[in-house]
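Listing of coords.txt, compact mmCIF, C-alpha atoms and all ligand atoms
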```txt
# COMPACT_ATOMS: atom_id res chain seq x y z
CA MET O 1 -97.97 -96.45 -63.08
CA GLU O 2 -96.81 -97.84 -66.38
CA LEU O 3 -97.58 -95.08 -68.81
CA LEU O 4 -96.07 -95.03 -72.27
CA ARG O 5 -97.35 -91.55 -72.90
CA ARG O 6 -96.80 -88.91 -70.24
CA PRO O 7 -97.88 -85.57 -71.73
CA ARG O 8 -96.37 -83.83 -68.70
CA ARG O 9 -92.86 -84.55 -70.08
CA ASN O 10 -93.45 -81.79 -72.62
CA ARG O 11 -94.33 -79.38 -69.82
CA LYS O 12 -91.42 -80.08 -67.47
CA ASN O 13 -89.71 -76.69 -67.69
CA ALA O 14 -90.08 -73.27 -69.24
CA ALA O 15 -87.68 -74.03 -72.08
CA ILE O 16 -89.53 -77.11 -73.27
CA ARG O 17 -92.88 -75.37 -72.87
CA ALA O 18 -91.66 -72.55 -75.06
CA MET O 19 -90.33 -75.04 -77.60
CA VAL O 20 -93.61 -76.91 -77.99
CA ALA O 21 -95.89 -73.86 -77.88
CA GLU O 22 -98.31 -74.09 -80.80
CA ASN O 23 -99.13 -70.39 -80.87
CA THR O 24 -97.32 -67.19 -79.98
CA LEU O 25 -98.17 -63.55 -79.69
CA SER O 26 -96.15 -60.92 -81.48
CA VAL O 27 -96.37 -57.18 -81.66
CA ASN O 28 -96.81 -57.69 -85.41
CA ASP O 29 -100.27 -59.13 -84.72
CA PHE O 30 -101.64 -55.96 -83.18
CA ILE O 31 -103.68 -53.06 -84.49
CA PHE O 32 -104.15 -50.37 -81.85
CA PRO O 33 -107.53 -48.57 -81.94
CA MET O 34 -107.20 -44.89 -80.99
CA PHE O 35 -109.61 -41.99 -80.57
CA VAL O 36 -109.05 -38.46 -81.84
CA MET O 37 -111.09 -35.43 -80.75
CA GLU O 38 -111.25 -31.73 -81.53
CA GLY O 39 -109.28 -29.16 -79.54
CA LYS O 40 -105.68 -28.70 -78.43
CA LYS O 41 -103.53 -30.09 -75.63
CA THR O 42 -106.37 -32.35 -74.56
CA LYS O 43 -106.16 -35.91 -73.37
CA GLN O 44 -109.34 -37.33 -71.84
CA GLU O 45 -109.38 -40.75 -70.26
CA ILE O 46 -112.47 -42.77 -71.14
CA LYS O 47 -114.14 -43.64 -67.84
CA SER O 48 -115.09 -47.16 -68.81
CA MET O 49 -111.67 -47.85 -70.41
CA PRO O 50 -108.91 -47.01 -67.92
CA GLY O 51 -105.65 -46.25 -69.75
CA ILE O 52 -107.39 -45.39 -73.03
CA TYR O 53 -107.79 -41.75 -74.03
CA ARG O 54 -109.35 -39.46 -76.56
CA PHE O 55 -106.54 -37.26 -77.85
CA SER O 56 -106.63 -33.93 -79.56
CA LEU O 57 -104.56 -34.18 -82.73
CA ASP O 58 -101.44 -32.53 -81.27
CA GLU O 59 -101.49 -34.94 -78.33
CA LEU O 60 -102.17 -37.90 -80.62
CA LEU O 61 -99.03 -37.13 -82.59
CA ILE O 62 -97.03 -37.08 -79.34
CA GLU O 63 -98.57 -40.33 -78.11
CA LEU O 64 -97.77 -42.04 -81.41
CA LYS O 65 -94.05 -41.66 -80.74
CA GLU O 66 -94.43 -44.17 -77.91
CA VAL O 67 -96.78 -46.40 -79.91
CA VAL O 68 -94.29 -46.63 -82.77
CA SER O 69 -91.33 -47.15 -80.43
CA LEU O 70 -93.10 -50.20 -79.00
CA GLY O 71 -93.06 -51.71 -82.47
CA ILE O 72 -96.79 -51.33 -83.19
CA LYS O 73 -97.20 -51.18 -86.96
CA CYS O 74 -100.83 -50.20 -87.42
CA ILE O 75 -103.41 -48.07 -85.65
CA CYS O 76 -107.15 -47.94 -86.23
CA LEU O 77 -108.33 -44.38 -85.83
CA PHE O 78 -111.84 -43.31 -84.72
CA PRO O 79 -113.07 -39.72 -84.43
CA ASN O 80 -115.10 -38.19 -81.60
CA TYR O 81 -117.27 -35.31 -82.83
CA PRO O 82 -119.45 -32.91 -80.81
CA GLU O 83 -123.23 -33.15 -81.33
CA SER O 84 -123.10 -29.83 -83.18
CA LYS O 85 -121.17 -31.46 -86.05
CA LYS O 86 -123.61 -34.37 -86.45
CA ASP O 87 -126.51 -34.57 -88.87
CA LYS O 88 -128.75 -37.13 -90.59
CA PHE O 89 -126.34 -37.67 -93.49
CA ALA O 90 -122.95 -37.63 -91.76
CA SER O 91 -122.08 -34.62 -93.94
CA GLU O 92 -119.11 -33.73 -91.75
CA SER O 93 -117.33 -36.95 -92.71
CA ILE O 94 -116.31 -35.86 -96.21
CA ILE O 95 -115.44 -32.20 -95.63
CA ALA O 96 -111.77 -31.94 -96.61
CA GLU O 97 -110.74 -29.96 -93.49
CA THR O 98 -112.67 -32.12 -91.06
CA LEU O 99 -110.84 -33.35 -87.95
CA TYR O 100 -110.71 -37.00 -89.00
CA LEU O 101 -109.26 -36.46 -92.48
CA GLU O 102 -106.81 -33.88 -91.13
CA ALA O 103 -105.73 -36.38 -88.48
CA ILE O 104 -105.09 -39.06 -91.10
CA ARG O 105 -103.01 -36.62 -93.17
CA GLN O 106 -100.93 -35.43 -90.22
CA VAL O 107 -100.33 -38.88 -88.77
CA LYS O 108 -99.26 -40.15 -92.17
CA SER O 109 -96.88 -37.28 -92.73
CA ALA O 110 -95.34 -37.54 -89.25
CA TYR O 111 -95.14 -41.36 -89.29
CA PRO O 112 -95.02 -42.53 -92.91
CA ASP O 113 -94.25 -46.14 -91.97
CA LEU O 114 -97.12 -46.47 -89.50
CA MET O 115 -100.17 -47.99 -91.17
CA ILE O 116 -103.53 -46.35 -90.61
CA MET O 117 -106.74 -48.29 -90.70
CA THR O 118 -109.79 -46.05 -90.91
CA ASP O 119 -113.45 -46.41 -90.02
CA VAL O 120 -116.08 -46.11 -92.72
CA ALA O 121 -119.45 -45.78 -91.01
CA MET O 122 -121.91 -43.00 -90.30
CA ASP O 123 -122.26 -43.37 -86.54
CA PRO O 124 -119.55 -40.95 -85.35
CA TYR O 125 -121.18 -38.21 -87.47
CA SER O 126 -124.84 -39.23 -87.23
CA SER O 127 -127.35 -37.22 -85.22
CA ASP O 128 -129.37 -40.45 -84.96
CA GLY O 129 -126.42 -42.41 -83.57
CA HIS O 130 -126.98 -45.07 -86.20
CA ASP O 131 -124.69 -46.42 -88.91
CA GLY O 132 -127.06 -45.60 -91.75
CA ILE O 133 -129.51 -42.98 -92.96
CA VAL O 134 -132.67 -43.17 -90.85
CA GLU O 135 -136.10 -42.74 -92.43
CA ASP O 136 -139.34 -43.35 -90.51
CA GLY O 137 -137.43 -45.30 -87.89
CA LYS O 138 -135.83 -47.58 -90.52
CA ILE O 139 -132.12 -47.76 -91.29
CA LEU O 140 -131.67 -47.54 -95.06
CA ASN O 141 -129.25 -49.97 -96.68
CA ASP O 142 -128.75 -48.95 -100.31
CA GLU O 143 -129.06 -45.18 -99.89
CA THR O 144 -126.32 -45.23 -97.24
CA VAL O 145 -123.68 -46.89 -99.38
CA GLU O 146 -123.08 -43.79 -101.51
CA ILE O 147 -122.08 -41.83 -98.42
CA LEU O 148 -119.76 -44.67 -97.41
CA CYS O 149 -118.08 -44.74 -100.82
CA ASP O 150 -117.43 -41.00 -100.65
CA MET O 151 -116.07 -41.42 -97.12
CA ALA O 152 -113.76 -44.26 -98.19
CA VAL O 153 -112.35 -42.28 -101.12
CA ALA O 154 -111.86 -39.18 -98.93
CA GLN O 155 -110.00 -41.29 -96.36
CA ALA O 156 -107.86 -42.92 -99.05
CA GLU O 157 -107.00 -39.46 -100.40
CA ALA O 158 -105.96 -38.43 -96.89
CA GLY O 159 -103.59 -41.41 -96.69
CA ALA O 160 -105.50 -44.37 -95.23
CA ASP O 161 -103.81 -47.73 -95.82
CA ILE O 162 -106.69 -49.98 -94.81
CA ILE O 163 -110.37 -49.08 -95.04
CA GLY O 164 -112.65 -50.65 -92.42
CA PRO O 165 -116.31 -50.53 -93.38
CA SER O 166 -117.90 -51.18 -89.98
CA ASP O 167 -121.62 -50.70 -90.54
CA MET O 168 -122.36 -54.40 -91.12
CA MET O 169 -124.91 -53.72 -93.85
CA ASP O 170 -125.25 -55.41 -97.23
CA GLY O 171 -123.18 -54.92 -100.36
CA ARG O 172 -120.55 -52.65 -98.78
CA ILE O 173 -117.32 -54.31 -99.85
CA GLY O 174 -118.05 -54.52 -103.58
CA GLU O 175 -119.27 -50.94 -103.86
CA ILE O 176 -116.41 -49.51 -101.81
CA ARG O 177 -113.84 -51.56 -103.74
CA GLU O 178 -115.21 -50.19 -106.99
CA ALA O 179 -115.24 -46.62 -105.71
CA LEU O 180 -111.62 -46.93 -104.53
CA ASP O 181 -110.49 -48.49 -107.81
CA ASP O 182 -112.32 -45.87 -109.88
CA ALA O 183 -110.45 -43.21 -107.94
CA ASP O 184 -107.14 -45.04 -108.59
CA PHE O 185 -106.72 -46.31 -105.04
CA THR O 186 -106.16 -49.89 -106.10
CA GLU O 187 -103.48 -50.30 -103.40
CA VAL O 188 -105.74 -49.34 -100.52
CA SER O 189 -106.86 -52.47 -98.66
CA ILE O 190 -110.27 -53.31 -97.27
CA MET O 191 -110.74 -55.11 -94.00
CA ALA O 192 -114.35 -56.26 -93.99
CA TYR O 193 -116.24 -56.23 -90.71
CA THR O 194 -117.54 -59.59 -91.90
CA ALA O 195 -119.10 -60.97 -88.74
CA LYS O 196 -119.96 -58.08 -86.48
CA TYR O 197 -122.48 -59.04 -83.83
CA ALA O 198 -125.12 -56.88 -82.14
CA SER O 199 -123.18 -56.99 -78.89
CA ALA O 200 -123.41 -55.56 -75.40
CA PHE O 201 -119.61 -55.49 -75.39
CA TYR O 202 -119.46 -52.24 -77.42
CA GLY O 203 -120.74 -50.12 -74.52
CA PRO O 204 -117.46 -48.42 -73.55
CA PHE O 205 -116.65 -47.60 -77.20
CA ARG O 206 -119.96 -45.78 -77.54
CA ASP O 207 -119.00 -43.80 -74.42
CA ALA O 208 -115.71 -42.92 -76.11
CA LEU O 209 -117.43 -41.57 -79.21
CA ASP O 210 -120.71 -40.45 -77.63
CA SER O 211 -122.22 -42.53 -80.42
CA ALA O 212 -124.91 -44.64 -78.75
CA PRO O 213 -128.07 -44.99 -80.90
CA LYS O 214 -130.67 -42.33 -80.05
CA PHE O 215 -133.47 -44.87 -80.51
CA GLY O 216 -133.71 -48.64 -80.81
CA ASP O 217 -130.68 -50.87 -81.30
CA LYS O 218 -128.52 -52.14 -84.15
CA LYS O 219 -130.13 -55.57 -84.50
CA THR O 220 -131.46 -54.99 -88.02
CA TYR O 221 -127.92 -54.69 -89.33
CA GLN O 222 -125.52 -56.30 -86.88
CA MET O 223 -125.63 -60.09 -86.47
CA ASP O 224 -127.53 -62.17 -83.94
CA PRO O 225 -125.10 -63.67 -81.37
CA ALA O 226 -126.92 -66.98 -81.86
CA ASN O 227 -125.55 -67.50 -85.38
CA VAL O 228 -122.41 -68.92 -86.91
CA ASN O 229 -123.59 -70.32 -90.28
CA GLU O 230 -124.74 -66.85 -91.12
CA ALA O 231 -121.18 -65.64 -90.52
CA ILE O 232 -119.96 -68.04 -93.21
CA MET O 233 -122.57 -66.69 -95.60
CA GLU O 234 -121.46 -63.14 -94.81
CA ALA O 235 -117.86 -64.22 -95.40
CA ASP O 236 -118.76 -65.75 -98.79
CA LEU O 237 -120.18 -62.39 -99.81
CA ASP O 238 -117.26 -60.31 -98.54
CA PHE O 239 -114.71 -62.67 -100.04
CA ASP O 240 -116.44 -62.57 -103.44
CA GLU O 241 -116.74 -58.79 -103.25
CA GLY O 242 -112.96 -58.52 -102.85
CA ALA O 243 -112.22 -58.14 -99.13
CA ASP O 244 -108.49 -58.39 -98.38
CA MET O 245 -109.02 -59.41 -94.76
CA MET O 246 -112.09 -60.39 -92.75
CA MET O 247 -112.87 -59.49 -89.17
CA VAL O 248 -114.84 -61.13 -86.39
CA LYS O 249 -116.14 -58.79 -83.71
CA PRO O 250 -116.31 -59.07 -80.74
CA ALA O 251 -113.54 -61.66 -80.38
CA PHE O 252 -113.60 -63.33 -76.99
CA SER O 253 -117.16 -64.67 -77.02
CA TYR O 254 -116.84 -65.52 -80.72
CA LEU O 255 -113.70 -67.65 -80.94
CA ASP O 256 -115.72 -70.35 -82.71
CA VAL O 257 -116.58 -67.86 -85.43
CA ILE O 258 -112.91 -66.90 -85.85
CA ARG O 259 -112.08 -70.58 -86.22
CA ALA O 260 -114.88 -71.14 -88.75
CA LEU O 261 -113.70 -68.31 -90.96
CA ASN O 262 -110.04 -69.29 -90.65
CA GLN O 263 -110.83 -72.85 -91.75
CA ASN O 264 -112.91 -71.78 -94.72
CA TYR O 265 -111.05 -68.83 -96.24
CA ASP O 266 -107.48 -68.28 -97.30
CA ILE O 267 -107.29 -64.61 -96.43
CA PRO O 268 -106.16 -63.21 -93.06
CA ILE O 269 -108.76 -63.21 -90.30
CA ALA O 270 -108.78 -60.38 -87.77
CA ALA O 271 -110.25 -60.49 -84.28
CA TYR O 272 -111.58 -57.27 -82.72
CA ASN O 273 -110.93 -57.50 -78.99
CA VAL O 274 -113.59 -54.90 -78.24
CA SER O 275 -113.99 -52.21 -75.61
CA GLY O 276 -116.18 -54.27 -73.28
CA GLU O 277 -113.63 -57.09 -73.22
CA TYR O 278 -110.94 -54.59 -72.29
CA ALA O 279 -113.18 -53.01 -69.64
CA MET O 280 -113.98 -56.36 -68.00
CA ILE O 281 -110.33 -57.25 -67.48
CA LYS O 282 -109.43 -53.76 -66.27
CA ALA O 283 -112.32 -53.66 -63.81
CA ALA O 284 -111.61 -57.09 -62.37
CA ALA O 285 -107.89 -56.32 -62.12
CA GLN O 286 -108.52 -52.99 -60.39
CA ASN O 287 -110.58 -54.85 -57.81
CA GLY O 288 -107.76 -57.31 -57.29
CA TRP O 289 -110.00 -60.13 -58.52
CA ILE O 290 -107.76 -61.32 -61.35
CA ASP O 291 -104.18 -60.79 -62.47
CA GLY O 292 -104.85 -58.27 -65.24
CA GLU O 293 -101.62 -58.82 -67.16
CA LYS O 294 -101.87 -62.58 -67.24
CA ALA O 295 -105.56 -62.48 -68.13
CA MET O 296 -104.82 -60.03 -70.94
CA MET O 297 -102.10 -62.22 -72.47
CA GLU O 298 -104.27 -65.33 -72.15
CA MET O 299 -107.21 -63.59 -73.79
CA LEU O 300 -105.08 -62.35 -76.70
CA LEU O 301 -103.45 -65.75 -77.17
CA SER O 302 -106.86 -67.43 -77.34
CA MET O 303 -107.61 -65.33 -80.41
CA LYS O 304 -104.42 -66.53 -82.12
CA ARG O 305 -105.25 -70.13 -81.20
CA ALA O 306 -108.71 -69.74 -82.70
CA GLY O 307 -107.11 -68.69 -85.98
CA ALA O 308 -106.82 -64.92 -86.01
CA SER O 309 -103.65 -63.53 -87.55
CA ILE O 310 -104.51 -59.93 -86.67
CA ILE O 311 -105.85 -58.63 -83.36
CA LEU O 312 -107.35 -55.18 -82.93
CA THR O 313 -106.89 -54.49 -79.26
CA TYR O 314 -106.82 -51.65 -76.74
CA PHE O 315 -104.21 -53.77 -74.93
CA ALA O 316 -101.75 -53.32 -77.83
CA LYS O 317 -99.35 -51.02 -75.97
CA GLU O 318 -99.36 -53.00 -72.74
CA ALA O 319 -98.97 -56.34 -74.48
CA ALA O 320 -96.25 -54.97 -76.77
CA ALA O 321 -94.28 -53.76 -73.74
CA ILE O 322 -94.50 -57.19 -72.12
CA LEU O 323 -93.46 -58.98 -75.32
CA LYS O 324 -90.49 -56.64 -75.69
CA ASN O 325 -89.15 -57.60 -72.28
CA ARG O 326 -89.59 -61.33 -72.65
C1 LIG K 1 -119.48 -48.56 -85.15
C2 LIG K 1 -118.40 -49.24 -84.40
C3 LIG K 1 -118.55 -49.79 -83.12
C4 LIG K 1 -117.31 -50.31 -82.75
C5 LIG K 1 -116.42 -50.07 -83.80
N1 LIG K 1 -117.12 -49.41 -84.83
C6 LIG K 1 -119.70 -49.81 -82.20
C7 LIG K 1 -121.05 -50.07 -82.68
O1 LIG K 1 -121.27 -50.83 -83.65
O2 LIG K 1 -121.95 -49.50 -82.10
C8 LIG K 1 -117.05 -50.97 -81.43
C9 LIG K 1 -115.65 -51.17 -81.01
C10 LIG K 1 -115.46 -51.52 -79.58
O3 LIG K 1 -116.41 -51.77 -78.81
O4 LIG K 1 -114.30 -51.55 -79.17
N2 LIG K 1 -119.39 -48.37 -86.50
```

Kindly transcribe the structure held in the file into structure tokens.
Ligand code: PBG
Amino acid sequence: MELLRRPRRNRKNAAIRAMVAENTLSVNDFIFPMFVMEGKKTKQEIKSMPGIYRFSLDELLIELKEVVSLGIKCICLFPNYPESKKDKFASESIIAETLYLEAIRQVKSAYPDLMIMTDVAMDPYSSDGHDGIVEDGKILNDETVEILCDMAVAQAEAGADIIGPSDMMDGRIGEIREALDDADFTEVSIMAYTAKYASAFYGPFRDALDSAPKFGDKKTYQMDPANVNEAIMEADLDFDEGADMMMVKPAFSYLDVIRALNQNYDIPIAAYNVSGEYAMIKAAAQNGWIDGEKAMMEMLLSMKRAGASIILTYFAKEAAAILKNR
């Protein structure tokens, strides 16, 4: 064949493939979500997420030694509370001695250079298992934001570097930014959960926190998987309200949304590689149906290619270890 252009020339060996690679993964891209629970010397594996644990605070501090030594620079911490600590108003969330705030303080003092992203939402503390105050079966938007502002300030006081308002309701970023600034936390960042879809891929996470909704679903606040224009509108709002970074969640079924936000906004876009995505790869790999490591790296790289500069992923440790040995 007479072919002027033979694209295969640029694939002829590993060196040239590495040279022409358009995207790469780095440990700097990762945020590692972790779960903290009450108690001592406890480490419970989450059934639907092999390799991921809920740690009591003492165990979390031990585990972090390894996380930091792998080069991971940021964790996203979530608390698991017993039913007895939950109520309609998430009152537990702002008590100074509560597990979550204590965990933030202790992690920060043991690992000052490790960044902590925190979760601002009612669901881990809500007896209704919803992200907002529930009244007559409705999830209240405006009434809930005050609780979230108090939570954000309490977390900033404890040492949070990045606040992650994850309830996907309206007007969060502006109000929380103002509350943080009023309390002199102008340096604390906000990562907006800009396009968070009402997804079946959160199942294992809700197992981890025992936080599944007690009635109904989250479709009146989380987005419809059918929509992408709406994600741009949400991004307009979050950008104008002062978000420092914007997230798309889940990531793998929403690469087009990541791309849309990356093309339209000049702030970093984060992809949340959620629990269900992790569980699918682990389950298939355990069955011998796919090569788990390769599938993991391919999945993470697809998020970079789509335009994410930050990836929240339960694979952070495993991927970091592979990248270290390359
Ligand atoms: C809730 C929250 C959820 C996740 C992060 N924060 C679940 C939900 O909206 O019910 C899911 C993360 C994951 O699946 O890994 N505020």

Kindly compile the residues surrounding ligand LIG 1 (chain K) within 10 Å, counting all atoms listed in the file, and format them as an MDAnalysis selection string. chainID O and resid 33:34 49 76 78 119:124 129:132 164:168 193 196:209 211:213 217:218 221:222 249:250 272:279 312:314

Resulting file, chosen residues, C-alpha atoms, as a PDB file, keeping the file's coordinate frame:
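Writing done, so here's again_24.pdb:
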```pdb
ATOM      1  CA  PRO O  33    -107.530 -48.570 -81.940  1.00  0.00           C
ATOM      2  CA  MET O  34    -107.200 -44.890 -80.990  1.00  0.00           C
ATOM      3  CA  MET O  49    -111.670 -47.850 -70.410  1.00  0.00           C
ATOM      4  CA  CYS O  76    -107.150 -47.940 -86.230  1.00  0.00           C
ATOM      5  CA  PHE O  78    -111.840 -43.310 -84.720  1.00  0.00           C
ATOM      6  CA  ASP O 119    -113.450 -46.410 -90.020  1.00  0.00           C
ATOM      7  CA  VAL O 120    -116.080 -46.110 -92.720  1.00  0.00           C
ATOM      8  CA  ALA O 121    -119.450 -45.780 -91.010  1.00  0.00           C
ATOM      9  CA  MET O 122    -121.910 -43.000 -90.300  1.00  0.00           C
ATOM     10  CA  ASP O 123    -122.260 -43.370 -86.540  1.00  0.00           C
ATOM     11  CA  PRO O 124    -119.550 -40.950 -85.350  1.00  0.00           C
ATOM     12  CA  GLY O 129    -126.420 -42.410 -83.570  1.00  0.00           C
ATOM     13  CA  HIS O 130    -126.980 -45.070 -86.200  1.00  0.00           C
ATOM     14  CA  ASP O 131    -124.690 -46.420 -88.910  1.00  0.00           C
ATOM     15  CA  GLY O 132    -127.060 -45.600 -91.750  1.00  0.00           C
ATOM     16  CA  GLY O 164    -112.650 -50.650 -92.420  1.00  0.00           C
ATOM     17  CA  PRO O 165    -116.310 -50.530 -93.380  1.00  0.00           C
ATOM     18  CA  SER O 166    -117.900 -51.180 -89.980  1.00  0.00           C
ATOM     19  CA  ASP O 167    -121.620 -50.700 -90.540  1.00  0.00           C
ATOM     20  CA  MET O 168    -122.360 -54.400 -91.120  1.00  0.00           C
ATOM     21  CA  TYR O 193    -116.240 -56.230 -90.710  1.00  0.00           C
ATOM     22  CA  LYS O 196    -119.960 -58.080 -86.480  1.00  0.00           C
ATOM     23  CA  TYR O 197    -122.480 -59.040 -83.830  1.00  0.00           C
ATOM     24  CA  ALA O 198    -125.120 -56.880 -82.140  1.00  0.00           C
ATOM     25  CA  SER O 199    -123.180 -56.990 -78.890  1.00  0.00           C
ATOM     26  CA  ALA O 200    -123.410 -55.560 -75.400  1.00  0.00           C
ATOM     27  CA  PHE O 201    -119.610 -55.490 -75.390  1.00  0.00           C
ATOM     28  CA  TYR O 202    -119.460 -52.240 -77.420  1.00  0.00           C
ATOM     29  CA  GLY O 203    -120.740 -50.120 -74.520  1.00  0.00           C
ATOM     30  CA  PRO O 204    -117.460 -48.420 -73.550  1.00  0.00           C
ATOM     31  CA  PHE O 205    -116.650 -47.600 -77.200  1.00  0.00           C
ATOM     32  CA  ARG O 206    -119.960 -45.780 -77.540  1.00  0.00           C
ATOM     33  CA  ASP O 207    -119.000 -43.800 -74.420  1.00  0.00           C
ATOM     34  CA  ALA O 208    -115.710 -42.920 -76.110  1.00  0.00           C
ATOM     35  CA  LEU O 209    -117.430 -41.570 -79.210  1.00  0.00           C
ATOM     36  CA  SER O 211    -122.220 -42.530 -80.420  1.00  0.00           C
ATOM     37  CA  ALA O 212    -124.910 -44.640 -78.750  1.00  0.00           C
ATOM     38  CA  PRO O 213    -128.070 -44.990 -80.900  1.00  0.00           C
ATOM     39  CA  ASP O 217    -130.680 -50.870 -81.300  1.00  0.00           C
ATOM     40  CA  LYS O 218    -128.520 -52.140 -84.150  1.00  0.00           C
ATOM     41  CA  TYR O 221    -127.920 -54.690 -89.330  1.00  0.00           C
ATOM     42  CA  GLN O 222    -125.520 -56.300 -86.880  1.00  0.00           C
ATOM     43  CA  LYS O 249    -116.140 -58.790 -83.710  1.00  0.00           C
ATOM     44  CA  PRO O 250    -116.310 -59.070 -80.740  1.00  0.00           C
ATOM     45  CA  TYR O 272    -111.580 -57.270 -82.720  1.00  0.00           C
ATOM     46  CA  ASN O 273    -110.930 -57.500 -78.990  1.00  0.00           C
ATOM     47  CA  VAL O 274    -113.590 -54.900 -78.240  1.00  0.00           C
ATOM     48  CA  SER O 275    -113.990 -52.210 -75.610  1.00  0.00           C
ATOM     49  CA  GLY O 276    -116.180 -54.270 -73.280  1.00  0.00           C
ATOM     50  CA  GLU O 277    -113.630 -57.090 -73.220  1.00  0.00           C
ATOM     51  CA  TYR O 278    -110.940 -54.590 -72.290  1.00  0.00           C
ATOM     52  CA  ALA O 279    -113.180 -53.010 -69.640  1.00  0.00           C
ATOM     53  CA  LEU O 312    -107.350 -55.180 -82.930  1.00  0.00           C
ATOM     54  CA  THR O 313    -106.890 -54.490 -79.260  1.00  0.00           C
ATOM     55  CA  TYR O 314    -106.820 -51.650 -76.740  1.00  0.00           C
TER      56      TYR O 314
END
```

Given all atoms listed in the file as the basis, pick out the residue of O:Pro225, O:Gly51, O:Gly39, O:Gly137 nearest to Tyr254 in chain O.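 Of the candidates, the smallest distance to Tyr254 in chain O is held by O:Pro225.
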
Please give the centre and size of the box around range 300-307 of chain O (axis-aligned, containing every atom listed in the file, 6 Å added per side), with values in Å to one decimal and written as JSON.
```
{"center_x": -106.1, "center_y": -66.2, "center_z": -81.3, "size_x": 17.3, "size_y": 19.8, "size_z": 21.3}
```

Provide the CA of Val145 in chain O to CA of Tyr100 in chain O distance in Å, to one decimal place.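 Computed distance, CA of Val145 in chain O to CA of Tyr100 in chain O, equals 19.3 Å.
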
Residues of range 95-207 of chain O at most 10 Å from range 60-70 of chain O: nearest atom pair and distance in Å, only C-alpha atoms, as a Markdown table:
```
| residue | atom | partner | partner_atom | distance |
| --- | --- | --- | --- | --- |
| O:Ala103 | CA | O:Leu60 | CA | 8.8 |
| O:Gln106 | CA | O:Leu61 | CA | 8.0 |
| O:Val107 | CA | O:Leu61 | CA | 6.6 |
| O:Ala110 | CA | O:Leu61 | CA | 7.6 |
| O:Tyr111 | CA | O:Leu64 | CA | 8.3 |
| O:Asp113 | CA | O:Val68 | CA | 9.2 |
| O:Leu114 | CA | O:Val68 | CA | 7.3 |
```

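Within 6 Å of the point (-108.6, -44.9, -99.8), and counting only C-alpha atoms, the protein, DNA and RNA residues are Ala152, Val153, Gln155, Ala156, Glu157, Ala160, Leu180, Phe185 and Val188 of chain O.
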
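Going from CA of Ala271 in chain O to CA of Ser127 in chain O covers 28.9 Å.
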
Which residue of O:Leu300, O:Asn13, O:Ile269, O:Asp224 approaches Thr194 in chain O most closely, using only C-alpha atoms: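 Under the stated criterion, the closest residue is O:Ile269.
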
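If you look at CA of Leu101 in chain O and CA of Ala183 in chain O, they are 16.9 Å away from each other.
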
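Using only C-alpha atoms, the residues found no farther than 8 Å from Lys86 in chain O, other than those of its own chain fewer than 5 positions away, are Tyr81, Ser91, Glu92, Pro124, Tyr125, Ser126 and Ser127 of chain O.
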
Using only C-alpha atoms, pick whichever of O:Ile173, O:Ala158, O:Met296, O:Val248 has the shortest atom-to-atom distance to Ala270 in chain O.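 With only C-alpha atoms as the atom set, the closest residue is O:Val248.
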
Tell me which protein, DNA and RNA residues are within 12 Å of Tyr265 in chain O, counting all atoms listed in the file, leaving out same-chain ones fewer than 2 positions away, and put them as a PyMOL selection string. chain O and resi 232-240+243-247+258-263+267-269+307-308

Which one of O:Ile75, O:Ala321, O:Met280, O:Ala316 sits closest to Lys108 in chain O if you count all atoms listed in the file?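 Of O:Ile75, O:Ala321, O:Met280, O:Ala316, the one nearest Lys108 in chain O, counting all atoms listed in the file, is O:Ile75.
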
Residue with smallest distance to Phe315 in chain O - pool O:Ala14, O:Met191, O:Ile72, O:Val228, counting all atoms listed in the file: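 Of all the options, O:Ile72 lies closest to Phe315 in chain O.
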
Would you list the residues near (-111.1, -27.9, -83.6) (no more than 10 Å away, in the coordinates of the file, using all atoms listed in the file) as a ChimeraX atom specification? /O:37-40,56-57,81,98-99

Residues just named, written with C-alpha atoms as a PDB file, in the coordinates of the input:
```pdb
ATOM      1  CA  MET O  37    -111.090 -35.430 -80.750  1.00  0.00           C
ATOM      2  CA  GLU O  38    -111.250 -31.730 -81.530  1.00  0.00           C
ATOM      3  CA  GLY O  39    -109.280 -29.160 -79.540  1.00  0.00           C
ATOM      4  CA  LYS O  40    -105.680 -28.700 -78.430  1.00  0.00           C
ATOM      5  CA  SER O  56    -106.630 -33.930 -79.560  1.00  0.00           C
ATOM      6  CA  LEU O  57    -104.560 -34.180 -82.730  1.00  0.00           C
ATOM      7  CA  TYR O  81    -117.270 -35.310 -82.830  1.00  0.00           C
ATOM      8  CA  THR O  98    -112.670 -32.120 -91.060  1.00  0.00           C
ATOM      9  CA  LEU O  99    -110.840 -33.350 -87.950  1.00  0.00           C
TER      10      LEU O  99
END
```
